[in-house]
Amino acid sequence: MMRIEELDTPAVVVLLDRLKRNIERVQRLIAGQGIANRPHIKTHKIPAIARMQLDAGAQGLTCQKLSEAEVFIDAGICDDYLLTYNIIGERKTDRLMQLAARVKRLAVVADNDIVLTGLSQAGVRHGSDVPVLVECDTGFGRNGVQSPEAALDLARLAVKLPRIRFEGLMVFPNTAPRTQDFFVRALALFRDAGIALPVVSGGGTPALNRLADFPMMTEHRAGTYVYNDVMMVHSGVASWEDCALQVRATVVSRPSPDRAVLDCGSKVLTSDQYYVEHYGRLAHYPGAHISALSEEHAIVDLTQSAARPKIGEVVDVIPNHCCSVSNMNDEIHGVRDGLVEITWPVAARGKVR
Ligand SMILES: Cc1ncc(COP(=O)(O)O)c(C=O)c1O
């Protein structure tokens with residue numbers, strides 16, 4: 001077996017003991033609420049890791065894009081999927097129906113009548129029902145109907161349209177108190193209208209600490225928790241010791257006492273910042289952070305770090321956003337006790353359609 005030091009840099013590694021611990025901890029948390037765990041594969045994009053999540057007790061998987069679902073369904077690891085994306089146009093809805101025919105359940109979301117009507121027409125063309133959840137926006141400002149009343153209106157249409165099987169509601173991410181307020185009102189409206197909600201699907205890793213605040217959910221979709229990253233530490237749901245994914249990078253220059261330059265730039269880490277400062281931390285140099293990125297260079301600010309890496313040294317970077325690191329790299333090395341146990345191709349990397 002190869003030693004970790006033998007990996008050429010930049011290299012993305014996953015600490016397997018942490019990965020396993022993260023998967024088991026979150027499975028326990030979600031099962032402890034008596035709801036289903038439906039992890040989102042967007043973080044790892046690797047069927048073997050999804051297999052670990054399913055073996056730990058996950059009920060099914062979540063994918064964002066059809067092409068991601070294709071990779072996972074080809075891998076044959078699971079037959080219960082939720083696709084959390086509006087699927088538009090016959091080219092895509094035909095692919096959806098072909099995929100759906102290969103598994104027990106492939107549910108999809110919709111947040112408007114055009115998507116819903118297209119799904120219904122696809123169901124009629126292919127002679128099978130399409131399970132649908134109505135996506136709700138409870139403050140994130142992305143897709144989703146804007147009010148419980150709009151959710152009910154769309155659900156009424158879903159119930160009427162041929163070949164649509166209305167299953168319930170979906171939201172991302174669960175936030176307090178807006179998601180609760182929205183769903184408490186929605187549940188009352190649906191009850192009064194006599195429309196059942198067998199599935200209420202919530203999501204997000206930061207919400208894992210507060211699952212009990214969302215008693216209306218029947219399932220939870222978390223993704224980032226498998227690896228964790230600077231954002232998750234910042235949001236208080238993970239510690240640095242929970243960060244399983246790290247980028248090994250070589251210090252290629254020390255142009256000044258306060259600056260180091262690494263051989264991983266935005267091509268490896270992405271320039272995602274989201275709600276955290278800087279572009280990543282150095283695991284073994286507290287206070288050191290990546291202050292700027294160009295495509296092949298990461299600039300490390302060492303002003304707050306007592307210890308300073310030398311030219312030629314290999315350091316471990318904890319990225320801001322591990323999901324997009326997966327999308328940037330062909331392979332990920334699973335490491336335990338300093339040995340590279342396995343190298344996984346990131347099978348659903350770049351699957352954007
Ligand atoms: C629709 C949806 N569900 C679930 C998740 C998983 O969220 P997290 O990565 O915070 O665990 C995401 C992440 O982007 C998402 O877009």
# chains A, B, ... in the order shown; residues from 1 in each chain; ligands from 1
>>> closest_atom_pairs(of="chain A", to="ligand 1", cutoff="9 Å", atoms="only C-alpha atoms and all ligand atoms", output="tab-separated table")
residue	atom	partner	partner_atom_place_in_ligand_line	distance
A:Arg38	CA	ligand 1	4 (C)	8.9
A:Pro39	CA	ligand 1	6 (C)	7.3
A:His40	CA	ligand 1	6 (C)	5.4
A:Ile41	CA	ligand 1	6 (C)	8.3
A:Lys42	CA	ligand 1	13 (C)	7.0
A:Thr43	CA	ligand 1	9 (O)	6.6
A:Thr62	CA	ligand 1	3 (N)	7.2
A:Cys63	CA	ligand 1	1 (C)	8.2
A:Gln64	CA	ligand 1	1 (C)	6.8
A:Leu83	CA	ligand 1	1 (C)	8.3
A:Thr84	CA	ligand 1	1 (C)	5.1
A:Tyr85	CA	ligand 1	1 (C)	7.4
A:Met170	CA	ligand 1	1 (C)	8.3
A:Val171	CA	ligand 1	1 (C)	7.1
A:Phe172	CA	ligand 1	1 (C)	5.2
A:Pro173	CA	ligand 1	3 (N)	6.8
A:Ser201	CA	ligand 1	3 (N)	8.8
A:Gly202	CA	ligand 1	3 (N)	7.4
A:Gly203	CA	ligand 1	4 (C)	4.6
A:Gly204	CA	ligand 1	10 (O)	3.5
A:Thr205	CA	ligand 1	11 (O)	3.6
A:Pro206	CA	ligand 1	10 (O)	6.0
A:Ala207	CA	ligand 1	10 (O)	7.9
A:Leu208	CA	ligand 1	11 (O)	8.6
A:His220	CA	ligand 1	4 (C)	8.1
A:Arg221	CA	ligand 1	4 (C)	4.8
A:Ala222	CA	ligand 1	11 (O)	3.5
A:Gly223	CA	ligand 1	11 (O)	3.5
A:Thr224	CA	ligand 1	9 (O)	4.0
A:Tyr225	CA	ligand 1	11 (O)	5.9
A:Val226	CA	ligand 1	11 (O)	8.5
A:Asn228	CA	ligand 1	9 (O)	8.8
A:Met232	CA	ligand 1	10 (O)	8.3
A:Cys323	CA	ligand 1	9 (O)	7.4
>>> residues_around(residues="Asp129 of chain A", least_positions_apart="4", cutoff="9 Å", atoms="only C-alpha atoms", output="list in words")
Ser120, Gly123, Val124, Pro162, Arg163, Ile164 and Arg165 of chain A
>>> closest_residue(among="A:Asn329, A:Gln98, A:Ser305, A:Asn209", to="Gly127 of chain A", atoms="only C-alpha atoms")
A:Gln98
>>> residues_around(residues="Leu302 of chain A", least_positions_apart="2", cutoff="12 Å", atoms="only C-alpha atoms", output="ChimeraX atom specification")
/A:254-261,281-282,285-291,299-300,304-310
>>> residues_around(residues="Pro198 of chain A", least_positions_apart="4", cutoff="9 Å", atoms="only C-alpha atoms", output="list in words")
Glu167, Gly168, Leu169 and Thr218 of chain A
>>> closest_atom_pairs(of="segment 7-94 of chain A", to="segment 101-105 of chain A", cutoff="8 Å", atoms="only C-alpha atoms", output="CSV")
residue,atom,partner,partner_atom,distance
A:Ile73,CA,A:Val103,CA,7.7
A:Cys78,CA,A:Val103,CA,7.9
A:Asp79,CA,A:Val103,CA,4.6
A:Asp80,CA,A:Arg105,CA,4.8
A:Tyr81,CA,A:Arg105,CA,6.1
>>> select_by_dssp(residues="segment 123-222 of chain A", states="strand (DSSP E or B)", output="list of chain:residue names")
A:Val130, A:Pro131, A:Val132, A:Leu133, A:Val134, A:Glu135, A:Cys136, A:Val145, A:Ile164, A:Arg165, A:Phe166, A:Glu167, A:Gly168, A:Leu169, A:Met170, A:Val171, A:Val199, A:Val200, A:Ser201, A:Gly202, A:Gly203, A:Glu219, A:His220, A:Arg221
>>> residues_around(residues="Met2 of chain A", least_positions_apart="5", cutoff="8 Å", atoms="only C-alpha atoms", output="PyMOL selection string")
chain A and resi 7+339-341
>>> closest_residue(among="A:Ile332, A:Ala100, A:Ala151, A:Cys136", to="Val12 of chain A", atoms="only C-alpha atoms")
A:Ile332
>>> closest_residue(among="A:Leu116, A:Val132, A:Ala110, A:Ala69", to="Val145 of chain A", atoms="only C-alpha atoms")
A:Ala110
>>> atom_distance(atom1="atom CA of Cys322 of chain A", atom2="atom CA of Thr250 of chain A")
19.2 Å
>>> residues_around(residues="Pro319 of chain A", least_positions_apart="2", cutoff="8 Å", atoms="only C-alpha atoms", output="ChimeraX atom specification")
/A:229-230,246-247,269,279-281,317,321-322,325
>>> select_by_dssp(residues="segment 88-245 of chain A", states="alpha helix (DSSP H)", output="number ranges by chain")
A: 90-100, 113-126, 148-160, 178-193, 230-234
>>> residues_around(residues="Ala298 of chain A", least_positions_apart="4", cutoff="8 Å", atoms="only C-alpha atoms", output="PyMOL selection string")
chain A and resi 261-266+290-294
>>> decode(residues="segment 132-146 of chain A", atoms="N, CA and C atoms", output="CSV table (one decimal), in the first residue's frame")
chain,number,residue,atom,x,y,z
A,132,VAL,N,-43.9,13.3,-7.3
A,132,VAL,CA,-43.5,14.7,-7.3
A,132,VAL,C,-43.7,15.3,-5.9
A,133,LEU,N,-42.7,16.1,-5.5
A,133,LEU,CA,-42.8,16.9,-4.3
A,133,LEU,C,-42.8,18.4,-4.7
A,134,VAL,N,-43.5,19.2,-4.1
A,134,VAL,CA,-43.5,20.7,-4.4
A,134,VAL,C,-42.4,21.3,-3.6
A,135,GLU,N,-41.5,22.0,-4.3
A,135,GLU,CA,-40.4,22.6,-3.6
A,135,GLU,C,-40.8,24.0,-3.1
A,136,CYS,N,-40.4,24.2,-1.8
A,136,CYS,CA,-40.8,25.5,-1.1
A,136,CYS,C,-39.6,26.3,-0.8
A,137,ASP,N,-39.7,27.6,-1.0
A,137,ASP,CA,-38.6,28.5,-0.6
A,137,ASP,C,-39.0,29.1,0.7
A,138,THR,N,-38.3,28.8,1.8
A,138,THR,CA,-38.6,29.3,3.1
A,138,THR,C,-37.6,30.4,3.5
A,139,GLY,N,-37.0,31.0,2.5
A,139,GLY,CA,-36.1,32.1,2.8
A,139,GLY,C,-34.7,32.1,2.2
A,140,PHE,N,-34.4,30.9,1.6
A,140,PHE,CA,-33.0,30.8,1.0
A,140,PHE,C,-32.9,31.6,-0.2
A,141,GLY,N,-34.0,31.8,-0.9
A,141,GLY,CA,-34.0,32.7,-2.1
A,141,GLY,C,-33.5,32.0,-3.3
A,142,ARG,N,-33.8,30.7,-3.4
A,142,ARG,CA,-33.4,30.0,-4.6
A,142,ARG,C,-34.8,29.5,-5.2
A,143,ASN,N,-34.8,28.2,-5.8
A,143,ASN,CA,-36.1,27.7,-6.3
A,143,ASN,C,-37.1,27.6,-5.1
A,144,GLY,N,-38.4,27.5,-5.5
A,144,GLY,CA,-39.4,27.1,-4.5
A,144,GLY,C,-40.5,28.1,-4.5
A,145,VAL,N,-41.7,27.5,-4.3
A,145,VAL,CA,-42.9,28.4,-4.2
A,145,VAL,C,-42.7,29.3,-3.0
A,146,GLN,N,-43.4,30.5,-3.1
A,146,GLN,CA,-43.0,31.5,-2.1
A,146,GLN,C,-43.9,31.5,-0.9
